[in-house]
Amino acid sequence: MNAKYRSSLLFLVFFLTYHFATFAQAPDKLSAAEIQLALKKLNTLGSALYIAAHPDDENQVVIGYLSQTKLMNTGYLALTRGDGGQNLIGPEIRERLGVVRSQELIQARSVDGSKQFFSRAIDFGYSKTADETLALWDKDKILADVVWVIRKFQPDVMITRFPPDERAGHGHHTTSGILAAEAFDLAADPQAFPEQLEYVDVWQPTRLVFNESSWMTEDIEKTSVGNDSILSLDLGVYNPLLGKSVTEIAAESRSKHQSQGFGATGSRGKNMEYFRHVKGKMAEDGLFDDINTSWARVEGGEKVGQLLAQAYTAFRPENPAAAVPKLMEASEALNKLKDGYWKKVKREELDRVIRASLGLYLEVRSGTNALSRSFRSNNRSGIAEYSATPGDSVVLNVEVINRSAVPVQLKSVTFTSIDKDTTINTILDNNRALTYSTEVLIPQDMPYSGPYWLREPHDGFSFTVDDQQLIGMDDTPPAIEAIFNLTIDGKPLDITTPVIYKYNDARIGETYRPFVITPPVFLEVEGDVHVFAEQEAKPIRVSIKAGKSDVSGTVSLQLPAGWSSDPLSYDYAITQKGQEKEFVFNVLPPAGQSVGEIKAVAEQNGQAYDQSMLTIAYEHIPTQTLFPTASAQLVKLDIRKEGETIGYIMGAGDEVPEALEQIGYQVVTLGSHNMSMDQLSSFDAIMIGIRAYNTVDWLRYHNEKLLQYVENGGTLITQYNTGHMLLTQNFAPYELKISRDRVADETAEVRFLQKDHPILNTPNKISKQDFEHWVQERGLYFPDEWDKEQFKAILSINDPGEGPKEGALLVAKYGKGYYIYSGLSFFRELPAGVPGAYRLLTNMISIGKGPETGR
């Protein structure tokens, strides 16, 4: 497996269809004002695609303006899912963080009314040059993805966030500008990626512009004056139907990026944005100059446009259904048009408006109980209600209500992938609910649920997605969809909705999560990494949980060479779905240092299963269910340590304490309530988690106590922070300034500046071998200025082509103790089981201790 982006997650195939929508959220309930805005948008046929590299790179003001004010079909293509970043709200990193950030982007787009796309590129961490990025990503592969999204989405206008040069500040950023410019031309070339043309046509956008800012061009406001190549627009527009300005909408959208701590406060009034011409026809007054955005651009579309205009005139806020008869006429006229991009887009938009105008509520939720009882369920963790396995039956509860005087008939309900057709032929009387339950059989070959981009192993730089129709998709389609066959005002209309699970949370009320297909059994290996510091067996717990009732078989471990377990296997039998059993294996390491993977396997009905079930649950995104391999890292270390007890101040997304406990330290979490000097003095060392000085507010009031602890003889280890938004500038005992210096190449040479320093010699002799097999990076946000008389720089590292950086590990004697600042990425290396990271960190904790020091 490639060291640049280590991953042990292997995922299985699941149900695959192409879909732009988001899934398993509360149903779309539009206000009258939102319906009116959506009605107006039906007569606007223009599209814009914004392109950048990561979640949060997009300019929400521009996207919100185009979508909510200009009413264009607007999308954001993020080349990556943000897998390589840090997590400020939880423990998810790597692929799991990518799942969180994907959902945050989807939620952001639901706020600003636009669509989200991704390429197959993986955020492998900070990259300093586009050359490195393009080489690691495989340029042709990701360029093909950008071309595919352009051909699929057919933007009239393309907008990049970053220029194709070093001003972008990050190799991924620069690459997004480069690929956008190349794809602008290639999308129209039938010789480029011809395999795509089985599904889409070639497409030539009208123009490509770069969304300039003062970050890239100093004094952009002055530069734009009299410059014909730069279009200046005031986007701080107020939308009276929504009661918000574009900038207020943008703040709400940006605030969905909670894992990055990007909560934003809305602003009002003038907001200038600048767009520099790159390719295509130059714009003079607006981004859509000389672009036909009416129904006249579609053959035979004028009739549809006329009917939609009449529907808009007929609309009444107090009675939105008054527009439905004309909307249904427009629906029939739309159906008669030739298939094409705008027919598909406006079909989806029109169905949404009709449904909202009728107050038509269509819902299918899973549940083994009757409808009302199922809804009262408050089941967050059990799987009985929100899941099923292939071959099992599941009860689906249907609720339909027409809250208008327009005649609506429900003819039938069908389900995707399931042989079940319920014929109803019932008139839906105004505000009279129709509810019923039906039992369906899940096909034996129904694939398991899970993020589609994680179903196959990858090389650490780009995901493996072979189905062309899936590439670019934002989210995983639902396991089952219900199709409601309706007649509205005498005219047919089919509306599709996902099957979901819903329950009532006593604290927040009505709560939704996706209905998922699971394996019949799944396992969990306790912990992500097991470190053996001694030549003794350790107990490792394995739990097995039933995805269906009445499962039995054996559970065993697959171990790397040289490792053994006692016993070799256990028998299990579970009668009830959702129940679990736990087994303990005593695992014995080999004699020498060793790193490998342990995997749990369950046999059931003649088949082997090795999936675990991972749930990612935050209130700002839909609950995500993943099925990674049930595995963990095994690490046998040649390691010695001094000291026993560590006080730890938790940082953002911090898993370091668990790693320290693995090698025998007792770790006590510190908060503002246990920061007295008597309590602090009991610790052999105190560690401060990553970005704690950016995120832990009480630290500003207690930092002096930590420095006094050092002065009295303690060891304080501060892990990396960013220089932006520090809670205090005086966190160190001597001058120390944090920069943006980093070493992104995890194989970069590490040079020892202080070869005789205790931190490299006691109690473990550190060598160059201890810096082998590091993942993603060496470190980040190194100090670039410090008191050279007090701090000793221990290491010198640099990326290829750059000068040496000596701020990765700084040690200072302060009073009787030691203050250590480290920008090394221990938060990545320890969970990944990198032996040298454990050995070096143990030396840092042990400094000043041992028999020779009297401590």
# chains A, B, ... in the order shown; residues from 1 in each chain; ligands from 1

$ residues_around --residues "Gly823 (chain A)" --least-positions-apart "3" --cutoff "7 Å" --atoms "only C-alpha atoms" --output "ChimeraX atom specification"
/A:719-720,779-782,808-809

$ select_by_dssp --residues "region 144-393 of chain A" --states "helix (DSSP H, G or I)" --output "PyMOL selection string"
chain A and resi 144-153+166-168+171-186+194-198+220-224+246-254+258-260+295-297+302-314+320-335+341-358+371-376

$ select_by_dssp --residues "region 393-548 of chain A" --states "strand (DSSP E)" --output "PyMOL selection string"
chain A and resi 393-401+408-415+418-427+434-441+481-488+491-505+509-514+516-517+521-525+529-532+538-546

$ residues_around --residues "region 606-611 of chain A" --least-positions-apart "5" --cutoff "7 Å" --atoms "only C-alpha atoms" --output "PDB file with N, CA and C atoms, in the first residue's frame"
ATOM      1  N   PHE A 522     -21.349  -8.603  11.013  1.00  0.00           N
ATOM      2  CA  PHE A 522     -20.176  -7.739  10.886  1.00  0.00           C
ATOM      3  C   PHE A 522     -19.420  -7.743  12.194  1.00  0.00           C
ATOM      4  N   LEU A 523     -18.143  -7.441  12.095  1.00  0.00           N
ATOM      5  CA  LEU A 523     -17.230  -7.607  13.215  1.00  0.00           C
ATOM      6  C   LEU A 523     -16.557  -6.288  13.553  1.00  0.00           C
ATOM      7  N   ALA A 600     -10.295  -9.658  11.404  1.00  0.00           N
ATOM      8  CA  ALA A 600     -11.267 -10.606  11.937  1.00  0.00           C
ATOM      9  C   ALA A 600     -12.139 -11.117  10.802  1.00  0.00           C
ATOM     10  N   VAL A 601     -12.442 -12.420  10.834  1.00  0.00           N
ATOM     11  CA  VAL A 601     -13.237 -13.047   9.786  1.00  0.00           C
ATOM     12  C   VAL A 601     -14.290 -13.927  10.453  1.00  0.00           C
ATOM     13  N   PHE A 627     -18.800   0.292   5.729  1.00  0.00           N
ATOM     14  CA  PHE A 627     -18.476  -1.100   6.032  1.00  0.00           C
ATOM     15  C   PHE A 627     -17.006  -1.387   5.711  1.00  0.00           C
ATOM     16  N   PRO A 628     -16.090  -0.785   6.475  1.00  0.00           N
ATOM     17  CA  PRO A 628     -14.670  -1.059   6.243  1.00  0.00           C
ATOM     18  C   PRO A 628     -14.285  -2.450   6.725  1.00  0.00           C
ATOM     19  N   THR A 629     -13.149  -2.930   6.292  1.00  0.00           N
ATOM     20  CA  THR A 629     -12.641  -4.210   6.752  1.00  0.00           C
ATOM     21  C   THR A 629     -12.443  -4.170   8.266  1.00  0.00           C
ATOM     22  N   ALA A 630     -12.809  -5.257   8.943  1.00  0.00           N
ATOM     23  CA  ALA A 630     -12.640  -5.353  10.400  1.00  0.00           C
ATOM     24  C   ALA A 630     -11.179  -5.673  10.687  1.00  0.00           C
TER      25      ALA A 630
END

$ closest_residue --among "A:Ala812, A:Ala482, A:Ile797, A:Ala617" --to "Ile89 (chain A)" --atoms "only C-alpha atoms"
A:Ala617

$ closest_residue --among "A:Leu42, A:Ala323, A:Ile93, A:Val408" --to "Lys343 (chain A)" --atoms "only C-alpha atoms"
A:Leu42

$ residues_around --residues "Gln107 (chain A)" --least-positions-apart "2" --cutoff "9 Å" --atoms "only C-alpha atoms" --output "CSV table (one decimal) with N, CA, C and O atoms, in the first residue's frame"
chain,number,residue,atom,x,y,z
A,22,THR,N,-29.4,14.9,-3.2
A,22,THR,CA,-28.9,14.4,-1.9
A,22,THR,C,-29.9,13.5,-1.3
A,22,THR,O,-31.1,13.5,-1.7
A,102,SER,N,-17.5,15.5,2.4
A,102,SER,CA,-18.4,15.4,1.2
A,102,SER,C,-19.8,15.8,1.6
A,102,SER,O,-20.5,16.6,0.9
A,103,GLN,N,-20.2,15.3,2.8
A,103,GLN,CA,-21.6,15.6,3.2
A,103,GLN,C,-21.7,17.1,3.6
A,103,GLN,O,-22.8,17.7,3.4
A,104,GLU,N,-20.7,17.7,4.2
A,104,GLU,CA,-20.7,19.1,4.5
A,104,GLU,C,-20.9,19.9,3.2
A,104,GLU,O,-21.7,20.9,3.2
A,105,LEU,N,-20.2,19.5,2.2
A,105,LEU,CA,-20.3,20.3,0.9
A,105,LEU,C,-21.8,20.1,0.4
A,105,LEU,O,-22.3,21.0,-0.2
A,109,ARG,N,-24.4,23.1,-0.4
A,109,ARG,CA,-25.1,23.3,-1.7
A,109,ARG,C,-26.6,23.3,-1.5
A,109,ARG,O,-27.3,24.0,-2.2
A,110,SER,N,-27.1,22.6,-0.5
A,110,SER,CA,-28.6,22.7,-0.3
A,110,SER,C,-29.0,24.0,0.2
A,110,SER,O,-30.1,24.5,0.0
A,111,VAL,N,-28.0,24.7,0.9
A,111,VAL,CA,-28.3,26.1,1.4
A,111,VAL,C,-28.3,27.1,0.2
A,111,VAL,O,-29.2,27.9,0.1
A,253,SER,N,-24.1,28.9,4.1
A,253,SER,CA,-23.5,27.8,3.3
A,253,SER,C,-22.1,27.5,3.9
A,253,SER,O,-21.8,26.3,4.1
A,256,LYS,N,-21.6,25.4,7.1
A,256,LYS,CA,-21.8,23.9,7.0
A,256,LYS,C,-20.4,23.2,7.1
A,256,LYS,O,-20.4,22.0,7.4
A,257,HIS,N,-19.3,23.9,6.9
A,257,HIS,CA,-18.0,23.3,6.9
A,257,HIS,C,-17.5,23.2,8.4
A,257,HIS,O,-16.5,23.8,8.8
A,620,HIS,N,-25.3,18.0,11.8
A,620,HIS,CA,-25.3,18.8,10.6
A,620,HIS,C,-25.2,18.1,9.3
A,620,HIS,O,-25.3,18.7,8.2
A,621,ILE,N,-25.1,16.8,9.3
A,621,ILE,CA,-25.0,16.0,8.1
A,621,ILE,C,-25.9,14.7,8.3
A,621,ILE,O,-26.1,14.3,9.5

$ closest_residue --among "A:Asn504, A:Ser393, A:Thr265, A:Thr174" --to "Ser549 (chain A)" --atoms "only C-alpha atoms"
A:Ser393

$ closest_residue --among "A:Thr247, A:Thr497, A:Gln624, A:Gln729" --to "Gly98 (chain A)" --atoms "only C-alpha atoms"
A:Gln624

$ residues_around --residues "Ser556 (chain A)" --least-positions-apart "3" --cutoff "9 Å" --atoms "only C-alpha atoms" --output "NGL selection string"
:A and (567-570 or 585 or 599-603)

$ write_last_selection --atoms "all heavy atoms" --output "mmCIF file, in the first residue's frame"
data_model
loop_
_atom_site.group_PDB
_atom_site.id
_atom_site.type_symbol
_atom_site.label_atom_id
_atom_site.label_comp_id
_atom_site.auth_asym_id
_atom_site.auth_seq_id
_atom_site.Cartn_x
_atom_site.Cartn_y
_atom_site.Cartn_z
ATOM 1 N N PRO A 567 -7.355 -18.543 21.580
ATOM 2 C CA PRO A 567 -7.432 -19.708 20.688
ATOM 3 C C PRO A 567 -7.342 -19.293 19.227
ATOM 4 O O PRO A 567 -7.285 -18.101 18.912
ATOM 5 C CB PRO A 567 -8.802 -20.291 21.025
ATOM 6 C CG PRO A 567 -9.617 -19.085 21.384
ATOM 7 C CD PRO A 567 -8.674 -18.181 22.125
ATOM 8 N N LEU A 568 -7.423 -20.268 18.343
ATOM 9 C CA LEU A 568 -7.402 -19.975 16.915
ATOM 10 C C LEU A 568 -8.753 -19.475 16.435
ATOM 11 O O LEU A 568 -8.815 -18.683 15.484
ATOM 12 C CB LEU A 568 -7.002 -21.235 16.140
ATOM 13 C CG LEU A 568 -5.573 -21.746 16.372
ATOM 14 C CD1 LEU A 568 -5.354 -23.038 15.613
ATOM 15 C CD2 LEU A 568 -4.553 -20.689 15.963
ATOM 16 N N SER A 569 -9.838 -19.939 17.067
ATOM 17 C CA SER A 569 -11.171 -19.521 16.632
ATOM 18 C C SER A 569 -12.170 -19.763 17.752
ATOM 19 O O SER A 569 -11.887 -20.459 18.734
ATOM 20 C CB SER A 569 -11.596 -20.272 15.362
ATOM 21 O OG SER A 569 -11.752 -21.651 15.639
ATOM 22 N N TYR A 570 -13.372 -19.188 17.584
ATOM 23 C CA TYR A 570 -14.511 -19.417 18.473
ATOM 24 C C TYR A 570 -15.726 -19.761 17.615
ATOM 25 O O TYR A 570 -15.851 -19.307 16.471
ATOM 26 C CB TYR A 570 -14.852 -18.157 19.274
ATOM 27 C CG TYR A 570 -13.892 -17.797 20.384
ATOM 28 C CD1 TYR A 570 -12.880 -16.864 20.169
ATOM 29 C CD2 TYR A 570 -14.033 -18.346 21.653
ATOM 30 C CE1 TYR A 570 -12.020 -16.499 21.195
ATOM 31 C CE2 TYR A 570 -13.178 -17.981 22.693
ATOM 32 C CZ TYR A 570 -12.178 -17.065 22.460
ATOM 33 O OH TYR A 570 -11.333 -16.690 23.473
ATOM 34 N N PHE A 585 -9.114 -12.815 22.070
ATOM 35 C CA PHE A 585 -7.985 -13.577 21.547
ATOM 36 C C PHE A 585 -6.709 -13.056 22.207
ATOM 37 O O PHE A 585 -6.477 -11.835 22.244
ATOM 38 C CB PHE A 585 -7.869 -13.410 20.032
ATOM 39 C CG PHE A 585 -8.996 -14.017 19.250
ATOM 40 C CD1 PHE A 585 -10.179 -13.315 19.045
ATOM 41 C CD2 PHE A 585 -8.877 -15.288 18.716
ATOM 42 C CE1 PHE A 585 -11.214 -13.861 18.309
ATOM 43 C CE2 PHE A 585 -9.915 -15.846 17.976
ATOM 44 C CZ PHE A 585 -11.083 -15.141 17.769
ATOM 45 N N LYS A 599 -6.855 -9.049 11.040
ATOM 46 C CA LYS A 599 -8.187 -8.966 10.450
ATOM 47 C C LYS A 599 -9.072 -10.040 11.060
ATOM 48 O O LYS A 599 -8.647 -11.194 11.230
ATOM 49 C CB LYS A 599 -8.124 -9.127 8.927
ATOM 50 C CG LYS A 599 -9.481 -8.960 8.251
ATOM 51 C CD LYS A 599 -9.346 -8.799 6.745
ATOM 52 C CE LYS A 599 -8.959 -10.079 6.049
ATOM 53 N NZ LYS A 599 -9.049 -9.968 4.577
ATOM 54 N N ALA A 600 -10.295 -9.658 11.404
ATOM 55 C CA ALA A 600 -11.267 -10.606 11.937
ATOM 56 C C ALA A 600 -12.139 -11.117 10.802
ATOM 57 O O ALA A 600 -12.552 -10.347 9.924
ATOM 58 C CB ALA A 600 -12.126 -9.952 13.010
ATOM 59 N N VAL A 601 -12.442 -12.420 10.834
ATOM 60 C CA VAL A 601 -13.237 -13.047 9.786
ATOM 61 C C VAL A 601 -14.290 -13.927 10.453
ATOM 62 O O VAL A 601 -13.984 -14.695 11.373
ATOM 63 C CB VAL A 601 -12.365 -13.900 8.842
ATOM 64 C CG1 VAL A 601 -13.230 -14.553 7.774
ATOM 65 C CG2 VAL A 601 -11.281 -13.051 8.203
ATOM 66 N N ALA A 602 -15.523 -13.804 9.999
ATOM 67 C CA ALA A 602 -16.609 -14.645 10.494
ATOM 68 C C ALA A 602 -17.124 -15.519 9.361
ATOM 69 O O ALA A 602 -17.347 -15.037 8.246
ATOM 70 C CB ALA A 602 -17.744 -13.790 11.049
ATOM 71 N N GLU A 603 -17.304 -16.792 9.672
ATOM 72 C CA GLU A 603 -17.921 -17.704 8.710
ATOM 73 C C GLU A 603 -19.392 -17.838 9.067
ATOM 74 O O GLU A 603 -19.763 -18.006 10.233
ATOM 75 C CB GLU A 603 -17.231 -19.075 8.770
ATOM 76 C CG GLU A 603 -17.777 -20.110 7.799
ATOM 77 C CD GLU A 603 -18.995 -20.852 8.361
ATOM 78 O OE1 GLU A 603 -19.080 -20.999 9.603
ATOM 79 O OE2 GLU A 603 -19.857 -21.251 7.553
#

$ closest_residue --among "A:Met216, A:Leu559, A:Met272, A:Leu308" --to "Asp234 (chain A)" --atoms "only C-alpha atoms"
A:Met272

$ residues_around --residues "Trp148 (chain A)" --least-positions-apart "2" --cutoff "8 Å" --atoms "only C-alpha atoms" --output "list of chain:residue names"
A:Ala144, A:Asp145, A:Val146, A:Ile150, A:Arg151, A:Lys152, A:Ala187, A:Gln196, A:Ile471, A:Gly472

$ write_last_selection --atoms "N, CA and C atoms" --output "PDB file, in the first residue's frame"
ATOM      1  N   ALA A 144      -9.742  13.728 -17.261  1.00  0.00           N
ATOM      2  CA  ALA A 144     -10.917  13.071 -17.849  1.00  0.00           C
ATOM      3  C   ALA A 144     -12.148  13.310 -16.982  1.00  0.00           C
ATOM      4  N   ASP A 145     -11.968  13.314 -15.666  1.00  0.00           N
ATOM      5  CA  ASP A 145     -13.106  13.556 -14.777  1.00  0.00           C
ATOM      6  C   ASP A 145     -13.662  14.963 -14.943  1.00  0.00           C
ATOM      7  N   VAL A 146     -12.771  15.943 -15.077  1.00  0.00           N
ATOM      8  CA  VAL A 146     -13.222  17.325 -15.261  1.00  0.00           C
ATOM      9  C   VAL A 146     -13.962  17.461 -16.585  1.00  0.00           C
ATOM     10  N   ILE A 150     -17.982  18.484 -17.148  1.00  0.00           N
ATOM     11  CA  ILE A 150     -18.373  19.562 -18.065  1.00  0.00           C
ATOM     12  C   ILE A 150     -19.372  19.034 -19.099  1.00  0.00           C
ATOM     13  N   ARG A 151     -19.079  17.880 -19.683  1.00  0.00           N
ATOM     14  CA  ARG A 151     -19.988  17.325 -20.687  1.00  0.00           C
ATOM     15  C   ARG A 151     -21.328  16.934 -20.069  1.00  0.00           C
ATOM     16  N   LYS A 152     -21.301  16.480 -18.843  1.00  0.00           N
ATOM     17  CA  LYS A 152     -22.529  16.054 -18.180  1.00  0.00           C
ATOM     18  C   LYS A 152     -23.363  17.260 -17.740  1.00  0.00           C
ATOM     19  N   ALA A 187     -13.397  19.358 -23.685  1.00  0.00           N
ATOM     20  CA  ALA A 187     -14.786  18.905 -23.582  1.00  0.00           C
ATOM     21  C   ALA A 187     -15.501  18.974 -24.920  1.00  0.00           C
ATOM     22  N   GLN A 196     -16.393   8.478 -23.216  1.00  0.00           N
ATOM     23  CA  GLN A 196     -17.468   9.179 -22.520  1.00  0.00           C
ATOM     24  C   GLN A 196     -18.666   9.436 -23.426  1.00  0.00           C
ATOM     25  N   ILE A 471     -18.850   8.520 -11.917  1.00  0.00           N
ATOM     26  CA  ILE A 471     -17.800   9.531 -11.776  1.00  0.00           C
ATOM     27  C   ILE A 471     -18.427  10.923 -11.719  1.00  0.00           C
ATOM     28  N   GLY A 472     -17.976  11.708 -10.756  1.00  0.00           N
ATOM     29  CA  GLY A 472     -18.494  13.061 -10.591  1.00  0.00           C
ATOM     30  C   GLY A 472     -19.610  13.162  -9.585  1.00  0.00           C
TER      31      GLY A 472
END

$ atom_distance --atom1 "CA of Pro477 (chain A)" --atom2 "CA of Asp392 (chain A)"
20.4 Å
